[in-house]
file query.txt (compact mmCIF, C-alpha atoms)
# COMPACT_ATOMS: atom_id res chain seq x y z
CA MET A 1 30.90 10.70 11.80
CA GLU A 2 31.61 12.75 8.70
CA GLU A 3 35.28 11.77 8.92
CA LEU A 4 34.36 8.10 9.19
CA TYR A 5 32.19 8.35 6.08
CA ALA A 6 34.89 10.25 4.21
CA ASN A 7 37.57 7.67 5.10
CA TYR A 8 35.60 4.80 3.59
CA ALA A 9 34.55 6.89 0.59
CA ASP A 10 38.15 7.98 -0.03
CA ALA A 11 39.35 4.38 0.19
CA LEU A 12 36.92 3.21 -2.48
CA TYR A 13 37.45 6.26 -4.67
CA GLY A 14 41.20 5.66 -4.55
CA LEU A 15 40.71 2.08 -5.77
CA VAL A 16 38.39 2.60 -8.70
CA GLU A 17 39.16 3.91 -12.15
CA ARG A 18 37.83 7.45 -12.53
CA LYS A 19 35.82 6.47 -15.58
CA ARG A 20 34.02 3.81 -13.52
CA SER A 21 33.41 5.90 -10.39
CA GLU A 22 29.80 6.66 -11.40
CA GLU A 23 29.14 2.95 -11.99
CA TYR A 24 30.25 2.29 -8.42
CA LEU A 25 28.06 5.12 -7.20
CA HIS A 26 25.00 3.66 -8.94
CA ALA A 27 25.80 0.19 -7.62
CA LEU A 28 26.15 1.51 -4.07
CA GLN A 29 22.89 3.46 -4.35
CA SER A 30 21.16 0.35 -5.67
CA PHE A 31 22.55 -1.68 -2.77
CA CYS A 32 21.26 0.92 -0.29
CA GLY A 33 17.87 0.89 -2.05
CA VAL A 34 17.60 -2.87 -1.55
CA LEU A 35 18.49 -2.46 2.14
CA GLU A 36 15.89 0.29 2.50
CA ASP A 37 13.25 -1.95 0.94
CA ASN A 38 14.40 -4.94 3.03
CA PRO A 39 15.40 -3.71 6.49
CA GLU A 40 15.77 -7.31 7.65
CA ALA A 41 18.70 -7.69 5.22
CA LYS A 42 20.44 -4.66 6.74
CA THR A 43 19.81 -6.08 10.22
CA ALA A 44 21.21 -9.46 9.14
CA LEU A 45 24.34 -7.85 7.70
CA SER A 46 24.88 -6.05 11.01
CA SER A 47 24.14 -9.09 13.18
CA PRO A 48 26.92 -10.69 15.22
CA ASN A 49 24.92 -13.94 15.06
CA LEU A 50 25.67 -14.55 11.38
CA THR A 51 29.01 -15.77 10.07
CA THR A 52 31.00 -13.88 7.49
CA VAL A 53 30.12 -16.58 4.95
CA GLU A 54 26.39 -16.09 5.61
CA LYS A 55 26.74 -12.33 5.26
CA GLU A 56 28.70 -12.80 2.06
CA ARG A 57 25.84 -14.89 0.65
CA ILE A 58 23.41 -12.06 1.44
CA VAL A 59 25.69 -9.56 -0.32
CA ASP A 60 25.94 -11.91 -3.31
CA ILE A 61 22.15 -12.12 -3.50
CA ILE A 62 21.82 -8.34 -3.39
CA ILE A 63 24.55 -7.40 -5.87
CA GLY A 64 24.30 -10.50 -8.05
CA LYS A 65 27.12 -11.12 -10.49
CA ASP A 66 28.50 -7.64 -10.10
CA PRO A 67 31.03 -6.69 -12.81
CA LEU A 68 32.69 -4.12 -10.55
CA PRO A 69 35.89 -5.66 -9.20
CA HIS A 70 36.06 -3.91 -5.82
CA MET A 71 32.37 -3.71 -4.94
CA LYS A 72 31.95 -6.95 -3.01
CA ALA A 73 35.25 -6.53 -1.18
CA PHE A 74 34.31 -2.98 -0.21
CA LEU A 75 30.92 -4.06 1.14
CA MET A 76 32.48 -6.95 3.03
CA LEU A 77 35.00 -4.52 4.55
CA ILE A 78 32.16 -2.33 5.80
CA ILE A 79 30.46 -5.41 7.25
CA ALA A 80 33.68 -6.70 8.86
CA HIS A 81 34.24 -3.32 10.53
CA HIS A 82 30.64 -3.24 11.80
CA ARG A 83 29.80 -0.12 9.79
CA MET A 84 26.66 -1.31 7.99
CA SER A 85 24.59 1.14 10.04
CA HIS A 86 26.67 3.90 8.39
CA ILE A 87 26.35 2.72 4.79
CA ASP A 88 24.08 5.62 3.76
CA GLY A 89 26.55 8.22 5.04
CA ILE A 90 29.44 6.43 3.35
CA VAL A 91 27.57 6.40 0.04
CA GLU A 92 26.74 10.11 0.39
CA ALA A 93 30.42 10.87 1.02
CA TYR A 94 31.37 8.81 -2.04
CA GLN A 95 28.75 10.64 -4.10
CA THR A 96 30.29 13.95 -3.07
CA LEU A 97 33.69 12.80 -4.34
CA VAL A 98 32.21 11.69 -7.66
CA ASP A 99 30.19 14.89 -8.00
CA VAL A 100 33.24 17.07 -7.46
CA ALA A 101 35.22 15.03 -10.00
CA VAL A 102 32.57 15.39 -12.72
CA GLY A 103 31.61 18.99 -11.89
CA ARG A 104 28.12 18.13 -10.67
CA LYS A 105 26.43 20.24 -8.01
CA GLN A 106 24.17 18.73 -5.37
CA GLY A 107 21.41 20.68 -3.69
CA ILE A 108 18.24 20.38 -1.68
CA VAL A 109 14.83 21.57 -2.76
CA TYR A 110 12.51 22.30 0.16
CA SER A 111 8.78 22.15 -0.44
CA SER A 112 5.60 22.00 1.62
CA SER A 113 4.85 18.52 0.23
CA SER A 114 6.78 15.90 -1.71
CA LEU A 115 7.58 16.87 -5.27
CA SER A 116 7.12 14.45 -8.15
CA GLY A 117 10.10 13.15 -10.08
CA LYS A 118 9.02 15.29 -13.02
CA GLN A 119 8.93 18.46 -10.89
CA ILE A 120 12.39 17.75 -9.51
CA LYS A 121 13.75 17.10 -13.03
CA GLU A 122 12.29 20.42 -14.20
CA LEU A 123 13.97 22.27 -11.34
CA GLU A 124 17.25 20.47 -12.02
CA ALA A 125 17.06 21.46 -15.68
CA ALA A 126 16.36 25.11 -14.80
CA PHE A 127 19.28 25.29 -12.36
CA THR A 128 21.57 23.40 -14.74
CA LYS A 129 20.85 26.04 -17.36
CA LYS A 130 21.18 28.92 -14.87
CA LEU A 131 24.48 27.74 -13.36
CA GLY A 132 26.02 26.10 -16.41
CA ALA A 133 26.74 22.91 -14.46
CA ASP A 134 24.93 19.62 -13.99
CA VAL A 135 22.64 19.96 -10.97
CA ARG A 136 21.02 17.19 -8.90
CA LEU A 137 18.42 18.01 -6.26
CA LYS A 138 17.02 16.01 -3.38
CA ASN A 139 13.57 16.88 -2.08
CA ARG A 140 12.97 17.58 1.60
CA VAL A 141 9.55 18.39 2.94
CA ASP A 142 9.40 21.53 5.08
CA GLU A 143 5.94 21.84 6.56
CA THR A 144 6.61 25.44 7.59
CA LEU A 145 6.47 26.48 3.92
CA LEU A 146 3.08 27.73 2.79
CA GLY A 147 3.81 26.90 -0.84
CA GLY A 148 6.46 27.26 -3.50
CA VAL A 149 9.99 25.97 -3.04
CA LYS A 150 13.37 26.95 -1.63
CA VAL A 151 16.53 25.55 -3.19
CA ALA A 152 19.79 25.32 -1.24
CA LEU A 153 22.58 24.95 -3.77
CA ASP A 154 26.23 25.86 -3.99
CA GLY A 155 26.21 27.83 -0.73
CA LYS A 156 23.18 29.91 -1.73
CA VAL A 157 19.46 29.73 -1.06
CA TYR A 158 17.09 30.49 -3.92
CA ASP A 159 13.82 31.33 -2.21
CA GLY A 160 10.72 30.94 -4.33
CA SER A 161 8.50 30.18 -1.38
CA LEU A 162 5.09 31.77 -1.01
CA ARG A 163 6.18 33.30 2.31
CA ASN A 164 9.11 35.04 0.61
CA LYS A 165 6.89 36.29 -2.21
CA LEU A 166 4.42 37.69 0.32
CA LEU A 167 7.25 39.43 2.20
CA GLU A 168 8.49 40.97 -1.06
CA LEU A 169 4.95 42.13 -1.85
CA GLN A 170 4.64 43.62 1.63
CA LYS A 171 7.92 45.55 1.15
CA THR A 172 6.73 46.83 -2.22
CA LEU A 173 3.41 47.99 -0.78
CA LYS A 174 5.13 49.81 2.07
CA LYS A 175 7.18 51.84 -0.42
call {"tool": "encode", "arguments": {"input": "query.txt", "output": "structure tokens"}}
result
Amino acid sequence: MEELYANYADALYGLVERKRSEEYLHALQSFCGVLEDNPEAKTALSSPNLTTVEKERIVDIIIGKDPLPHMKAFLMLIIAHHRMSHIDGIVEAYQTLVDVAVGRKQGIVYSSSSLSGKQIKELEAAFTKKLGADVRLKNRVDETLLGGVKVALDGKVYDGSLRNKLLELQKTLKK
């Protein structure tokens, strides 16, 4: 599947001007957000019972008068190739291309419960300062954590979990 996602992402990335690649990324993320909030729209765009014209109307409603020249055509290509169920993976692959181009690092912050937007922004700011590169984190809940967070970023894991701190304390006490 990764190759499928990358093929579509590469195709779009090759079409757009580099200076507008982030605009396309935001537009694609917005489109996916609408589909997430309206699963019936995603189902309709995947349905063999609707005509291309009907699906195009749905896309028009979602993206409105989009100023991005290739956006509608790209979405219609995905629909025509019956890949709407893969749109999230395609957008993630496109995001990776944009991130590499602008020097942004993507990571995952694991926590025992969902973090607030403010907490994530604070972690992003700390890692941006530490690594000297723009950092964006996505939160994943890991119920095995007792507390604290673990951050997987740039091939490394920064473990600030309570379990890790307790293990470090145990090692210190044994010495």
call {"tool": "residues_around", "arguments": {"input": "query.txt", "residues": "Ser30 (chain A)", "least_positions_apart": "5", "cutoff": "10 Å", "atoms": "all atoms listed in the file", "output": "mmCIF file with C-alpha atoms, in the coordinates of the input"}}
result
data_model
loop_
_atom_site.group_PDB
_atom_site.id
_atom_site.type_symbol
_atom_site.label_atom_id
_atom_site.label_comp_id
_atom_site.auth_asym_id
_atom_site.auth_seq_id
_atom_site.Cartn_x
_atom_site.Cartn_y
_atom_site.Cartn_z
ATOM 1 C CA TYR A 24 30.250 2.290 -8.420
ATOM 2 C CA LEU A 25 28.060 5.120 -7.200
ATOM 3 C CA LEU A 35 18.490 -2.460 2.140
ATOM 4 C CA GLU A 36 15.890 0.290 2.500
ATOM 5 C CA ILE A 62 21.820 -8.340 -3.390
ATOM 6 C CA ILE A 63 24.550 -7.400 -5.870
#
call {"tool": "closest_residue", "arguments": {"input": "query.txt", "among": "A:Gln95, A:Asn7, A:Thr51, A:Ser111", "to": "Gln29 (chain A)", "atoms": "all atoms listed in the file"}}
result
A:Gln95
call {"tool": "atom_distance", "arguments": {"input": "query.txt", "atom1": "CA of Lys165 (chain A)", "atom2": "CA of Ala152 (chain A)"}}
result
17.0 Å
call {"tool": "atom_distance", "arguments": {"input": "query.txt", "atom1": "CA of Pro39 (chain A)", "atom2": "CA of Val141 (chain A)"}}
result
23.1 Å
call {"tool": "atom_distance", "arguments": {"input": "query.txt", "atom1": "CA of Met84 (chain A)", "atom2": "CA of Ile108 (chain A)"}}
result
25.2 Å
call {"tool": "closest_residue", "arguments": {"input": "query.txt", "among": "A:Lys171, A:Lys105, A:His26, A:Arg57", "to": "Lys156 (chain A)", "atoms": "only C-alpha atoms"}}
result
A:Lys105
call {"tool": "residues_near_point", "arguments": {"input": "query.txt", "point": "(9.1, 24.0, 6.3)", "cutoff": "8 Å", "atoms": "all atoms listed in the file", "output": "VMD selection string"}}
result
chain A and resid 110 to 112 141 to 146
call {"tool": "closest_residue", "arguments": {"input": "query.txt", "among": "A:Ser47, A:Ser85, A:Thr96, A:Asn164", "to": "Tyr13 (chain A)", "atoms": "only C-alpha atoms"}}
result
A:Thr96
call {"tool": "residues_near_point", "arguments": {"input": "query.txt", "point": "(31.7, -3.9, 6.5)", "cutoff": "12 Å", "atoms": "all atoms listed in the file", "output": "ChimeraX atom specification"}}
result
/A:8,42,45-47,52,55-56,59,71-87,90
call {"tool": "write_last_selection", "arguments": {"input": "query.txt", "atoms": "C-alpha atoms", "output": "PDB file, keeping the file's coordinate frame"}}
result
ATOM      1  CA  TYR A   8      35.600   4.800   3.590  1.00  0.00           C
ATOM      2  CA  LYS A  42      20.440  -4.660   6.740  1.00  0.00           C
ATOM      3  CA  LEU A  45      24.340  -7.850   7.700  1.00  0.00           C
ATOM      4  CA  SER A  46      24.880  -6.050  11.010  1.00  0.00           C
ATOM      5  CA  SER A  47      24.140  -9.090  13.180  1.00  0.00           C
ATOM      6  CA  THR A  52      31.000 -13.880   7.490  1.00  0.00           C
ATOM      7  CA  LYS A  55      26.740 -12.330   5.260  1.00  0.00           C
ATOM      8  CA  GLU A  56      28.700 -12.800   2.060  1.00  0.00           C
ATOM      9  CA  VAL A  59      25.690  -9.560  -0.320  1.00  0.00           C
ATOM     10  CA  MET A  71      32.370  -3.710  -4.940  1.00  0.00           C
ATOM     11  CA  LYS A  72      31.950  -6.950  -3.010  1.00  0.00           C
ATOM     12  CA  ALA A  73      35.250  -6.530  -1.180  1.00  0.00           C
ATOM     13  CA  PHE A  74      34.310  -2.980  -0.210  1.00  0.00           C
ATOM     14  CA  LEU A  75      30.920  -4.060   1.140  1.00  0.00           C
ATOM     15  CA  MET A  76      32.480  -6.950   3.030  1.00  0.00           C
ATOM     16  CA  LEU A  77      35.000  -4.520   4.550  1.00  0.00           C
ATOM     17  CA  ILE A  78      32.160  -2.330   5.800  1.00  0.00           C
ATOM     18  CA  ILE A  79      30.460  -5.410   7.250  1.00  0.00           C
ATOM     19  CA  ALA A  80      33.680  -6.700   8.860  1.00  0.00           C
ATOM     20  CA  HIS A  81      34.240  -3.320  10.530  1.00  0.00           C
ATOM     21  CA  HIS A  82      30.640  -3.240  11.800  1.00  0.00           C
ATOM     22  CA  ARG A  83      29.800  -0.120   9.790  1.00  0.00           C
ATOM     23  CA  MET A  84      26.660  -1.310   7.990  1.00  0.00           C
ATOM     24  CA  SER A  85      24.590   1.140  10.040  1.00  0.00           C
ATOM     25  CA  HIS A  86      26.670   3.900   8.390  1.00  0.00           C
ATOM     26  CA  ILE A  87      26.350   2.720   4.790  1.00  0.00           C
ATOM     27  CA  ILE A  90      29.440   6.430   3.350  1.00  0.00           C
TER      28      ILE A  90
END
call {"tool": "closest_residue", "arguments": {"input": "query.txt", "among": "A:Leu153, A:Val109, A:Leu173, A:Leu97", "to": "Gly14 (chain A)", "atoms": "only C-alpha atoms"}}
result
A:Leu97
call {"tool": "closest_residue", "arguments": {"input": "query.txt", "among": "A:Val91, A:Ala126, A:Cys32, A:Leu167", "to": "Ala9 (chain A)", "atoms": "all atoms listed in the file"}}
result
A:Val91
call {"tool": "closest_residue", "arguments": {"input": "query.txt", "among": "A:Met1, A:Leu68, A:Val135, A:Lys150", "to": "Ser21 (chain A)", "atoms": "only C-alpha atoms"}}
result
A:Leu68
call {"tool": "axis_aligned_box", "arguments": {"input": "query.txt", "around": "region 7-24 of chain A", "padding_each_side": "8 Å", "output": "JSON"}}
result
{"center_x": 35.2, "center_y": 5.0, "center_z": -5.2, "size_x": 28.1, "size_y": 21.9, "size_z": 36.7}
call {"tool": "residues_around", "arguments": {"input": "query.txt", "residues": "Val151 (chain A)", "least_positions_apart": "5", "cutoff": "10 Å", "atoms": "all atoms listed in the file", "output": "MDAnalysis selection string"}}
result
chainID A and resid 107:111 123 127 137:140 156:161
call {"tool": "write_last_selection", "arguments": {"input": "query.txt", "atoms": "C-alpha atoms", "output": "short mmCIF file (atom, residue, chain, number, x, y, z; two decimals), in the coordinates of the input"}}
result
data_model
loop_
_atom_site.label_atom_id
_atom_site.label_comp_id
_atom_site.auth_asym_id
_atom_site.auth_seq_id
_atom_site.Cartn_x
_atom_site.Cartn_y
_atom_site.Cartn_z
CA GLY A 107 21.41 20.68 -3.69
CA ILE A 108 18.24 20.38 -1.68
CA VAL A 109 14.83 21.57 -2.76
CA TYR A 110 12.51 22.30 0.16
CA SER A 111 8.78 22.15 -0.44
CA LEU A 123 13.97 22.27 -11.34
CA PHE A 127 19.28 25.29 -12.36
CA LEU A 137 18.42 18.01 -6.26
CA LYS A 138 17.02 16.01 -3.38
CA ASN A 139 13.57 16.88 -2.08
CA ARG A 140 12.97 17.58 1.60
CA LYS A 156 23.18 29.91 -1.73
CA VAL A 157 19.46 29.73 -1.06
CA TYR A 158 17.09 30.49 -3.92
CA ASP A 159 13.82 31.33 -2.21
CA GLY A 160 10.72 30.94 -4.33
CA SER A 161 8.50 30.18 -1.38
#
